[in-house]
Each structure stands twice: as structure tokens, then as C-alpha cells.
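Data block below; observations after.
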Amino acid sequence: MRLLLILVAVAVLFIAPASASADITSLHHKLDLRLDPLKQTLDATDQIRIEGGGKTVLQLAQGLIITSFKVDGKPHSTMRNGTALLVNLGAVGSHTIDIHYTGLIANDSGFLGPGTGWYPDIGETAFSYELSVQVPNPQIAVAPGRMIEEVRGAETYRVRLVSERSSKGMVLMTGAYRIHEKQHGKIRIRTYFAEDLVPFSKGYLDDTAAYLSRYEKTIGSYPFSSFRIVSGLLPVGLGFSGLTYIGERVLRLPFIRTTSLGHEVLHSWWGNGVEVNYDTGNWAEGLTTYMADYAYAQDRGGDAAEKMRIGWLRDYAALPATRERPIKDFISRSHNIEQVVGYNKVAFVFHMLKGEIGKAAFDQGLRYFWQQHKFSSAGWGDLRRSFETTSKRDLNVFFRQWIDRTGAAEISLQNAHRTADGVAFTIKQSGSPYALSIPVTLTTGREQATHRVQSASNSTAIALKSSSTIDRLTVDPEFDTFRRLTPGEAPPILRDTTYATNPLTILATNDDAVRDSARRLADRMFGGRPPESNSTMATALLVIGTTEKVRKFLRTRNLPPTPATIATGGTARAWAANWINEKGVRLPLLVVEADDLTALNLLHRPLPHYGRKGYLVFEGSKVIVQGQWPAQAGPLSVTFK
């Protein structure tokens with residue numbers, strides 16, 4: 001699922017349990033847990049029903065001591081090595097493991113996730129569960145699942161939940177929560193918020209109800225009994241079946257309710273309601289991005305949706321060829337670079353698919369896909385077959401070229417000229433051509449007419465008729481085709497450097513404290529990737545330091561100076577440009593200058609989140625000026641004289 005970034009919308013956690021050697025086909029946990037989150041103590045019994053046999057490995061945190069262990073009702077000797085516990089189930093069949101364990105479990109954040117050993121973790125087989133949790137007041141416990149019992153006692157809180165679908169991991173959250181709820185038809189919506197976040201509850205409840213209505217109408221019935229929004233100490237956002245966990249700082253951000261919340265609600269259908277078959281790649285993040293983030297941009301109207309498409313294409317233009325991957329290889333995001341393909345490009349593919357088969361067939365395809373694959377796993381092939389069913393078209397070429405191939409279409413406009421009855425032109429494609437359906441706009445005076453033209457070869461001659469004299473011809477005027485932007489369409493942005501394969505970092509300072517701060521900022525901007533140290537191998541240049549030293553370095557190396565439009569503003573500035581290396585190659589340049597150490601330190605948190613910008617001015621940690629350098633007219637448009 002999608003991780004919600006602190007300053008942008010985001011994904012979700014899929015963590016597989018430890019591997020095992022037994023042949024297990026069915027697994028069910030009946031777990032009764034007594035947990036004190038503040039003392040970090042745990043006492044639990046787990047009855048595990050298994051269909052299978054042979055040797056298997058249970059994973060349990062080292063701080064937990066097993067006091068009783070039985071297999072099929074009989075005491076069973078175990079071999080434990082650290083967290084691993086070897087068990088021999090014997091012959092294939094129905095087996096039961098009863099285990100009691102107690103001890104200490106790290107729980108500083110109130111979040112116990114899969115893989116942390118708080119329950120006996122067996123193999124990679126998906127399992128169902130019944131989970132009972134008791135915590136001391138004022139603590140509250142919450143986990144994914146249908147709630148079948150909730151008891152608020154004088155000293156303790158107890159809840160019992162059953163899973164609503166099989167899962168490869170259990171997660172448990174605890175905290176001194178205040179619970180508020182709203183009934184939406186048969187769906188119970190709840191917020192589990194810290195005391196100081198209670199004023200946000202109503203807005204989250206109301207907006208969640210609106211998102212549920214939206215997607216039930218678009219896709220089909222909501223697949224779970226409830227939807228819970230849980231606040232937490234971790235500065236992330238995570239999505240699970242019928243539940244989203246949002247960091248307290250993230251939850252307060254004003255745009256989360258209008259973007260990321262809906263994204264997480266939609267994951268109840270895509271990713272949780274229908275799981276991803278990772279053998280052919282992760283389709284769920286991109287489809288969710290398209291139906292949530294992009295759809296909300298369309299709702300805002302104006303050019304918001306077009307700007308989002310341009311942003312996706314601009315991000316892709318910043319991606320070095322060595323970092324490109326086909327969509328089928330995307331599994332999950334660990335860095336913004338993976339988001340360019342797994343979220344943005346996939347969303348763009350769905351945008352093109354809707355244009356290819358029409359809105360009605362596209363919407364019907366989504367509903368058909370949901371009906372066919374609810375509570376099962378599905379891959380790209382299943383999506384293709386669903387859209388083929390509703391569009392009555394063979395979409396093999398479309399899906400194969402966009403899912404299996406690396407890259408983007410590279411198109412150019414050539415030989416455009418007026419004819420006696422309209423206009424003629426040639427669309428060229430570089431490299432191996434794509435089968436494209438490209439919008440072309442003809443402008444005659446104050447009127448515009450848009451046509452769709454087909455191009456599936458390296459050179460396609462096209463003639464369009466018009467009863468009026470054509471003044472202007474524009475290919476893909478609103479950026480509806482996933483293509484490489486021409487240089488004139490892609491002015492420099494910060495991401496050109498931070499995505500580079502071998503960026504060279506220059507620390508323009510003689511001060512040790514400034515050097516350390518600059519190095520840490522560079523590390524954050526590059527996502528922990530080590531910078532290049534050899535200038536002849538560098539594919540981009542980052543210069544960081546104090547204003548005086550940075551400007552002196554730029555002058556002595558004949559690099560572009562600080563732009564006059566931002567040179568005197570704020571306490572720190574960052575901007576993107578280009579530089580020419582010793583081989584005469586034009587490469588990205590990113591400059592970060594701060595007036596002093598304090599100003600530099602204050603850039604660490606905000607600056608890495610502005611990769612799409614061409615320039616920024618900061619007053620402390622606040623952005624006071626931001627923007628993109630103007631794009632020049634690209635070669636995909638011709639004005640006739």
C-alpha cells in the first residue's frame with residue numbers, strides 16, 4: 001500500500017512473514033493478548049490451526065519467553081535459535097499449535113507491526129485470525145478486522161476482532177485514544193485520535209463518508225465492516241484492511257483530508273479488497289493514484305489535472321536512463337525514484353487507457369474487475385482481460401508496450417504545412433515505436449478542433465481537413481501522451497540533480513559545522529545514496545554552502561550565478577540550472593545557499609520535498625517564494641504565417 005509522505009500524498013505497508021519449509025495450505029490464529037504498552041509487557045496465548053505438515057519455523061521476539069507449547073494437544077519439545085522456533089508438525093493434515101508466551105516487547109511508538117515478533121509468525125501463507133486484546137486504562141487497542149466485542153471496564157479496555165480477509169501479517173496499535181464515530185449505512189467509521197487531535201475528528205469522519213460513497217458508486221460495495229483512522233507517533237501513513245494509520249504531525253496538515261485520506265480509503269478496494277499479484281508488478285498504487293490524487297485534481301477544475309500530468313512527465317524527464325524500469329518490475333516504493341514509475345507512470349497509463357477505450361468502457365472495466373477479483377489476488381493480465389471484456393477490443397499491444405517496456409514514447413513533429421483543404425504533417429518516433437493515439441489540435445482564428453491521430457511507426461504521414469485556414473497546429477497540446485518532454489518543455493528543476501545516477505557534491509565552506517550540515521542535507525536530498533567524488537564521472541552537480549562561499553565558487557568555476565530575481569530574498573535560496581562539464585556535456589546543476597549555519601540547518605526538513613521546483617526562497621524553514629523557470633515553446637507546435 002501507499003506510504004503517505006509528510007508533505008505529499010502516499011503508500012502502504014506489505015511485509016511478508018519469515019519463510020518456512022512446511023507445506024502449509026491453511027492457517028488461522030486465535031490470539032488472546034494482555035498488553036501493557038507503557039510497561040512494554042505482554043502475556044499471550046495463541047491457538048494456531050494449520051492445514052499442512054512437516055517442519056516449520058515460528059518467529060517470536062527474543063524478549064518473549066515460551067511457558068507452554070503443545071502440538072495437537074500434547075506437550076512438544078522445541079528448538080529455539082534467537083527468534084526462530086523449529087516445529088515438526090508430522091504428517092500432512094489438520095494440526096493445532098497451542099502456545100503461551102510472556103515477556104517484554106519494544107513498543108515505544110504504540111505500533112506493533114508484522115515482522116516484529118509480537119505473535120508467532122509462520123511462513124508466507126496468508127492467514128485468518130481472531131484477535132482479543134486487553135490493555136489498562138486509558139489505553140485503547142485497535143487492529144484491522146470486524147469488531148465483535150468491545151468492553152470498557154473500570155481498569156481495562158478489551159476488544160475482540162476477527163479478520164475480514166486473509167492476510168500475511170497482523171498489526172496492532174495502542175494509545176490513549178479518544179474514539180469518535182459515524183455510521184455510514186452499514187459501515188462504522190471511527191477516529192482513534194490523541195486528545196489534542198479530537199477537533200479534527202468530525203472532518204475526518206465526514207470526508208471518509210464522502211469518499212466511501214464516491215467509490216461505492218464508481219467501483220462497487222465497500223468490502224469491510226468499518227473504516228478506522230488511527231493517529232500515531234510514527235511520522236508516516238500506512239494503510240490496512242479497513243484501517244489507516246496516520247502520524248499525528250501528518251494528520252494535522254490541511255491537505256491530507258482532501259488528498260491522502262481518499263487515497264487510503266480507495267486502497268480498501270485496490271490493494272486490500274483486491275490484492276496485488278506481484279509476479280507481474282504492482283498495479284494498485286498507480287490505479288489508486290489515478291482514481292484518487294488525479295481525480296481530485298480533475299474535480300478542482302481549470303488546468304489542475306493537466307498540471308499534474310505535466311508534473312509526472314517532468315519527473316520522468318529527470319529520471320536517468322540507468323534508473324528506468326518497466327512497470328512490471330515495480331513492487332513497492334522505497335524512494336521517490338520508484339514513485340516516478342510505480343505511481344505516476346502507471347496512473348498515466350490508466351489515463352491513456354481511458355482515452356483509448358472511452359470513459360464508459362473504462363468505468364465498466366473497473367466494476368467488472370472488482371466483481372471478478374474481490375478478495376483474491378490479481379495482476380496486470382487480469383486488468384487487461386477486464387477492460388477487453390467491457391471495451392470489446394484486443395488490448396494486448398497497449399498493455400504489452402506500456403507494462404513490459406522500459407521508457408516513454410519519443411515523438412517529434414516534422415514537415416508541417418498547409419494544404420488546399422487543411423494541413424499535412426509527419427509524426428516521427430525515435431527508437432522502437434509505440435502504437436499511439438495522439439491528440440492534435442488545429443487552431444483557426446478563435447476556434448480549435450481536436451483530432452486523434454494514430455502513429456505506430458517511426459514515421460507517420462498525416463493529413464487533416466479543415467474548411468477554414470489553419471493558423472496553428474499542436475501535437476499533444478494538453479500532455480495526454482506518456483512521452484519524453486522536449487528540452488523546451490522541460491526547464492531545469494531540483495529533481496534533475498537529485499535523481500542523477502552519479503551526482504557530484506561540492507561543499508562550499510571552510511567551516512566544519514557548516515560542512516557537516518551541508519553533507520547531511522545532501523544525504524537527505526539524495527535519499528542516502530553516496531555522492532560521486534570524481535568530477536569526470538559526475539552526471540550532475542550539487543553545490544551547497546554559505547551564500548558568500550557558494551557565490552564565490554560559482555564565479556571562479558564559470559557556473560551560472562544566483563538568479564537576480566531571487567538573489568536578495570530570504571535567508572536561504574535553492575535553484576536549478578545547467579552546467580557544461582569538461583567534456584562539453586550539458587548536465588544538471590543544483591545550488592543551495594544559506595546565509596548562515598542556522599539558515600542551512602532549517603532547510604533539512606523542507607527542501608527535499610520540493611523536487612519539482614525550479615527555484616525556492618526560504619525565510620527560516622518557510623518557503624516564501626517558489627516557482628518553475630518558464631518553458632520555451634517546444635517543437636510539437638507550429639504556427640503558420
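Letters A, B, ... go to the chains of the C-alpha cells in the order shown; residues in each chain start at 1; ligands are counted from 1 in the same order.
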Point to revise | Neighbour list for region 116-125 of chain A as a VMD selection string, cut-off 9 Å, only C-alpha atoms, skip fewer than 2 positions in-chain | key: chain A and resid 16 to 22 24 to 27 29 31 42 44 46 48 56 to 62 64 83 99 105 to 106 112 to 114 127 167 to 170
Keeping only N, CA and C atoms, write the selected residues as a short mmCIF file (atom, residue, chain, number, x, y, z; two decimals), in the first residue's frame.
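What follows is the written file out_5.cif:
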data_model
loop_
_atom_site.label_atom_id
_atom_site.label_comp_id
_atom_site.auth_asym_id
_atom_site.auth_seq_id
_atom_site.Cartn_x
_atom_site.Cartn_y
_atom_site.Cartn_z
N ALA A 16 6.11 -9.40 4.44
CA ALA A 16 5.88 -10.84 4.48
C ALA A 16 6.51 -11.44 5.71
N PRO A 17 5.86 -12.40 6.36
CA PRO A 17 6.46 -13.08 7.49
C PRO A 17 7.67 -13.89 7.07
N ALA A 18 8.35 -14.44 8.08
CA ALA A 18 9.54 -15.22 7.81
C ALA A 18 9.18 -16.48 7.04
N SER A 19 10.13 -16.95 6.23
CA SER A 19 9.88 -18.11 5.40
C SER A 19 9.90 -19.38 6.24
N ALA A 20 9.28 -20.43 5.73
CA ALA A 20 9.25 -21.71 6.40
C ALA A 20 9.30 -22.82 5.37
N SER A 21 9.62 -24.03 5.83
CA SER A 21 9.78 -25.14 4.90
C SER A 21 8.58 -26.06 4.86
N ALA A 22 7.64 -25.93 5.80
CA ALA A 22 6.48 -26.82 5.82
C ALA A 22 5.56 -26.52 4.65
N ILE A 24 2.24 -25.70 4.05
CA ILE A 24 1.06 -25.20 4.76
C ILE A 24 0.09 -24.60 3.75
N THR A 25 -1.14 -25.05 3.79
CA THR A 25 -2.15 -24.55 2.86
C THR A 25 -3.21 -23.70 3.55
N SER A 26 -3.32 -23.79 4.87
CA SER A 26 -4.32 -23.01 5.59
C SER A 26 -3.81 -22.71 6.99
N LEU A 27 -4.13 -21.50 7.47
CA LEU A 27 -3.57 -21.05 8.74
C LEU A 27 -4.56 -20.11 9.41
N HIS A 29 -5.03 -17.99 13.31
CA HIS A 29 -4.59 -17.65 14.66
C HIS A 29 -5.80 -17.27 15.51
N LEU A 31 -5.73 -15.56 18.90
CA LEU A 31 -4.73 -14.94 19.76
C LEU A 31 -5.40 -14.11 20.85
N LEU A 42 3.93 -8.10 27.84
CA LEU A 42 2.97 -8.82 27.02
C LEU A 42 2.78 -10.22 27.58
N ALA A 44 0.44 -13.69 26.42
CA ALA A 44 -0.45 -14.10 25.35
C ALA A 44 -0.57 -15.60 25.23
N ASP A 46 -1.86 -18.27 22.06
CA ASP A 46 -2.22 -18.33 20.65
C ASP A 46 -2.52 -19.77 20.28
N ILE A 48 -3.08 -21.94 17.08
CA ILE A 48 -2.86 -21.85 15.64
C ILE A 48 -3.37 -23.13 14.99
N THR A 56 8.30 -26.73 10.28
CA THR A 56 8.02 -25.32 10.05
C THR A 56 8.75 -24.49 11.08
N VAL A 57 8.91 -23.22 10.79
CA VAL A 57 9.61 -22.30 11.68
C VAL A 57 8.65 -21.20 12.13
N LEU A 58 8.57 -21.01 13.44
CA LEU A 58 7.84 -19.88 14.02
C LEU A 58 8.85 -18.81 14.39
N GLN A 59 8.48 -17.56 14.15
CA GLN A 59 9.32 -16.45 14.56
C GLN A 59 8.64 -15.72 15.72
N LEU A 60 9.38 -15.57 16.82
CA LEU A 60 8.86 -14.89 18.00
C LEU A 60 9.98 -14.04 18.59
N ALA A 61 9.65 -12.82 19.00
CA ALA A 61 10.66 -11.89 19.51
C ALA A 61 11.46 -12.53 20.65
N GLN A 62 12.77 -12.23 20.67
CA GLN A 62 13.65 -12.85 21.66
C GLN A 62 13.27 -12.52 23.09
N LEU A 64 10.47 -12.54 24.40
CA LEU A 64 9.28 -13.27 24.82
C LEU A 64 9.65 -14.71 25.17
N THR A 83 15.20 -15.75 17.44
CA THR A 83 13.76 -15.56 17.23
C THR A 83 13.11 -16.78 16.58
N ILE A 99 0.23 -22.23 22.19
CA ILE A 99 1.45 -21.64 22.73
C ILE A 99 1.09 -20.52 23.69
N ILE A 105 8.24 -6.56 25.14
CA ILE A 105 8.19 -6.30 23.71
C ILE A 105 8.35 -4.80 23.49
N ALA A 106 9.28 -4.41 22.65
CA ALA A 106 9.50 -2.99 22.37
C ALA A 106 8.25 -2.40 21.72
N LEU A 112 2.70 -2.11 16.79
CA LEU A 112 3.30 -3.43 16.64
C LEU A 112 2.96 -3.93 15.24
N GLY A 113 3.97 -4.01 14.40
CA GLY A 113 3.74 -4.37 13.01
C GLY A 113 4.13 -5.79 12.69
N PRO A 114 3.82 -6.25 11.50
CA PRO A 114 4.26 -7.58 11.06
C PRO A 114 5.78 -7.65 11.08
N PHE A 127 -3.14 -15.87 6.29
CA PHE A 127 -3.90 -16.49 7.37
C PHE A 127 -5.08 -15.62 7.78
N SER A 167 -4.61 -12.51 5.45
CA SER A 167 -3.53 -11.53 5.47
C SER A 167 -2.21 -12.25 5.69
N LYS A 168 -1.12 -11.62 5.31
CA LYS A 168 0.20 -12.19 5.55
C LYS A 168 0.87 -11.56 6.77
N GLY A 169 0.13 -10.77 7.52
CA GLY A 169 0.69 -10.17 8.72
C GLY A 169 -0.38 -9.52 9.56
N MET A 170 -0.14 -9.48 10.87
CA MET A 170 -1.04 -8.78 11.80
C MET A 170 -0.37 -7.50 12.27
#
Check your understanding: Got a sec to tell me which of region 492-548 of chain A DSSP assigns to strand (DSSP E or B), as a list of chain:residue names?
Key -> A:Pro503, A:Leu504, A:Thr505, A:Ile506, A:Leu507, A:Ala508, A:Glu532, A:Ala540, A:Leu541, A:Leu542, A:Val543, A:Ile544, A:Gly545, A:Thr546
**Study point:** Selection: 6 Å around Leu587 (chain A), only C-alpha atoms, excl. self and same-chain fewer than 6 positions, as an MDAnalysis selection string
**Key:** chainID A and resid 540 578:579
Review point. Could you name the residues that touch region 455-470 of chain A at 8 Å or less, counting only C-alpha atoms, but leaving out those on the same chain fewer than 2 positions away, as an NGL selection string?
Key: :A and (418 or 421-438 or 442-445 or 453 or 472-473 or 640)
Practice item. Name the residues in contact with Leu212 (chain A) at a cut-off of 12 Å, using only C-alpha atoms, excluding same-chain residues fewer than 4 positions from it; report them as JSON, numbers by chain. Key: {"A": [183, 184, 185, 186, 187, 188, 189, 205, 206, 207, 208, 216, 217, 218, 219, 220, 221, 222, 223, 224, 225, 226, 227, 242, 261, 262, 263, 264, 265, 266, 267, 268, 269, 292]}
Output C-alpha atoms for every residue in that selection, as a PDB file, in the first residue's frame.
ATOM      1  CA  GLN A 183     -22.421   5.417  10.887  1.00  0.00           C
ATOM      2  CA  HIS A 184     -22.441   5.397   7.090  1.00  0.00           C
ATOM      3  CA  GLY A 185     -25.097   2.905   6.050  1.00  0.00           C
ATOM      4  CA  LYS A 186     -23.802  -0.417   7.376  1.00  0.00           C
ATOM      5  CA  ILE A 187     -20.255   0.915   7.665  1.00  0.00           C
ATOM      6  CA  ARG A 188     -18.963   2.153  11.014  1.00  0.00           C
ATOM      7  CA  ILE A 189     -16.421   4.971  10.590  1.00  0.00           C
ATOM      8  CA  LEU A 205     -15.400  11.261   9.704  1.00  0.00           C
ATOM      9  CA  ASP A 206     -17.403  13.370   7.247  1.00  0.00           C
ATOM     10  CA  ASP A 207     -14.791  13.224   4.490  1.00  0.00           C
ATOM     11  CA  THR A 208     -14.355   9.472   4.886  1.00  0.00           C
ATOM     12  CA  GLU A 216     -19.024   2.560  -3.867  1.00  0.00           C
ATOM     13  CA  LYS A 217     -20.755   4.328  -6.745  1.00  0.00           C
ATOM     14  CA  THR A 218     -17.719   4.028  -9.026  1.00  0.00           C
ATOM     15  CA  ILE A 219     -16.494   0.507  -8.180  1.00  0.00           C
ATOM     16  CA  GLY A 220     -18.906  -1.465  -6.007  1.00  0.00           C
ATOM     17  CA  SER A 221     -19.824  -2.160  -2.396  1.00  0.00           C
ATOM     18  CA  TYR A 222     -17.256  -1.363   0.281  1.00  0.00           C
ATOM     19  CA  PRO A 223     -15.671  -4.703   1.243  1.00  0.00           C
ATOM     20  CA  PHE A 224     -15.263  -4.245   5.009  1.00  0.00           C
ATOM     21  CA  SER A 225     -17.484  -3.607   8.023  1.00  0.00           C
ATOM     22  CA  SER A 226     -15.736  -0.423   9.130  1.00  0.00           C
ATOM     23  CA  PHE A 227     -13.113   2.170   8.320  1.00  0.00           C
ATOM     24  CA  GLY A 242     -10.468  -1.104   6.684  1.00  0.00           C
ATOM     25  CA  LEU A 261      -7.306  10.287   3.108  1.00  0.00           C
ATOM     26  CA  GLY A 262      -9.243   9.489  -0.045  1.00  0.00           C
ATOM     27  CA  HIS A 263      -6.223   7.651  -1.429  1.00  0.00           C
ATOM     28  CA  GLU A 264      -6.184   5.425   1.656  1.00  0.00           C
ATOM     29  CA  VAL A 265      -9.943   4.847   1.558  1.00  0.00           C
ATOM     30  CA  LEU A 266      -9.613   3.749  -2.077  1.00  0.00           C
ATOM     31  CA  HIS A 267      -6.939   1.226  -1.104  1.00  0.00           C
ATOM     32  CA  SER A 268      -9.771  -0.646   0.634  1.00  0.00           C
ATOM     33  CA  TRP A 269     -10.717  -1.708  -2.897  1.00  0.00           C
ATOM     34  CA  ALA A 292      -7.748   9.484  -6.107  1.00  0.00           C
TER      35      ALA A 292
END
**Study point:** 10 Å contact set for region 373-376 of chain A, only C-alpha atoms, chain neighbours under 6 positions out, as a PyMOL selection string
**Key:** chain A and resi 164-166+220+223+269-277+382-383
Practice item. Write out as an MDAnalysis selection string each polymer residue whose atoms come within 7 Å of region 300-313 of chain A, counting only C-alpha atoms; drop sequence neighbours fewer than 4 positions from it. Key: chainID A and resid 294 296 317 344 478:479 482 484:485
Selection above as a file: N, CA and C atoms, as a CSV table (one decimal), in the first residue's frame:
chain,number,residue,atom,x,y,z
A,294,TYR,N,-5.3,12.1,-8.9
A,294,TYR,CA,-5.5,12.7,-10.2
A,294,TYR,C,-7.0,13.1,-10.3
A,296,TYR,N,-9.0,14.0,-8.0
A,296,TYR,CA,-9.3,15.2,-7.2
A,296,TYR,C,-8.8,16.4,-7.9
A,317,ALA,N,11.2,13.0,-17.0
A,317,ALA,CA,12.3,13.5,-17.8
A,317,ALA,C,13.6,13.7,-16.9
A,344,ASN,N,3.3,7.3,-10.8
A,344,ASN,CA,3.0,8.3,-11.8
A,344,ASN,C,2.8,7.7,-13.2
A,478,GLU,N,-2.3,19.0,-24.6
A,478,GLU,CA,-2.6,19.0,-23.1
A,478,GLU,C,-1.8,17.9,-22.4
A,479,PHE,N,-0.8,17.4,-23.1
A,479,PHE,CA,0.1,16.4,-22.5
A,479,PHE,C,-0.7,15.1,-22.0
A,482,PHE,N,2.1,9.7,-22.7
A,482,PHE,CA,3.3,9.5,-21.9
A,482,PHE,C,4.5,9.5,-22.8
A,484,ARG,N,8.5,11.5,-23.7
A,484,ARG,CA,9.7,12.3,-23.2
A,484,ARG,C,9.5,13.7,-23.6
A,485,LEU,N,9.5,14.6,-22.7
A,485,LEU,CA,9.4,16.0,-23.0
A,485,LEU,C,10.6,16.5,-23.8
Review point. In Å to one decimal, how far is CA of Val592 (chain A) from CA of Ile544 (chain A)?
Key: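 Going from CA of Ile544 (chain A) over to CA of Val592 (chain A) covers 4.7 Å.
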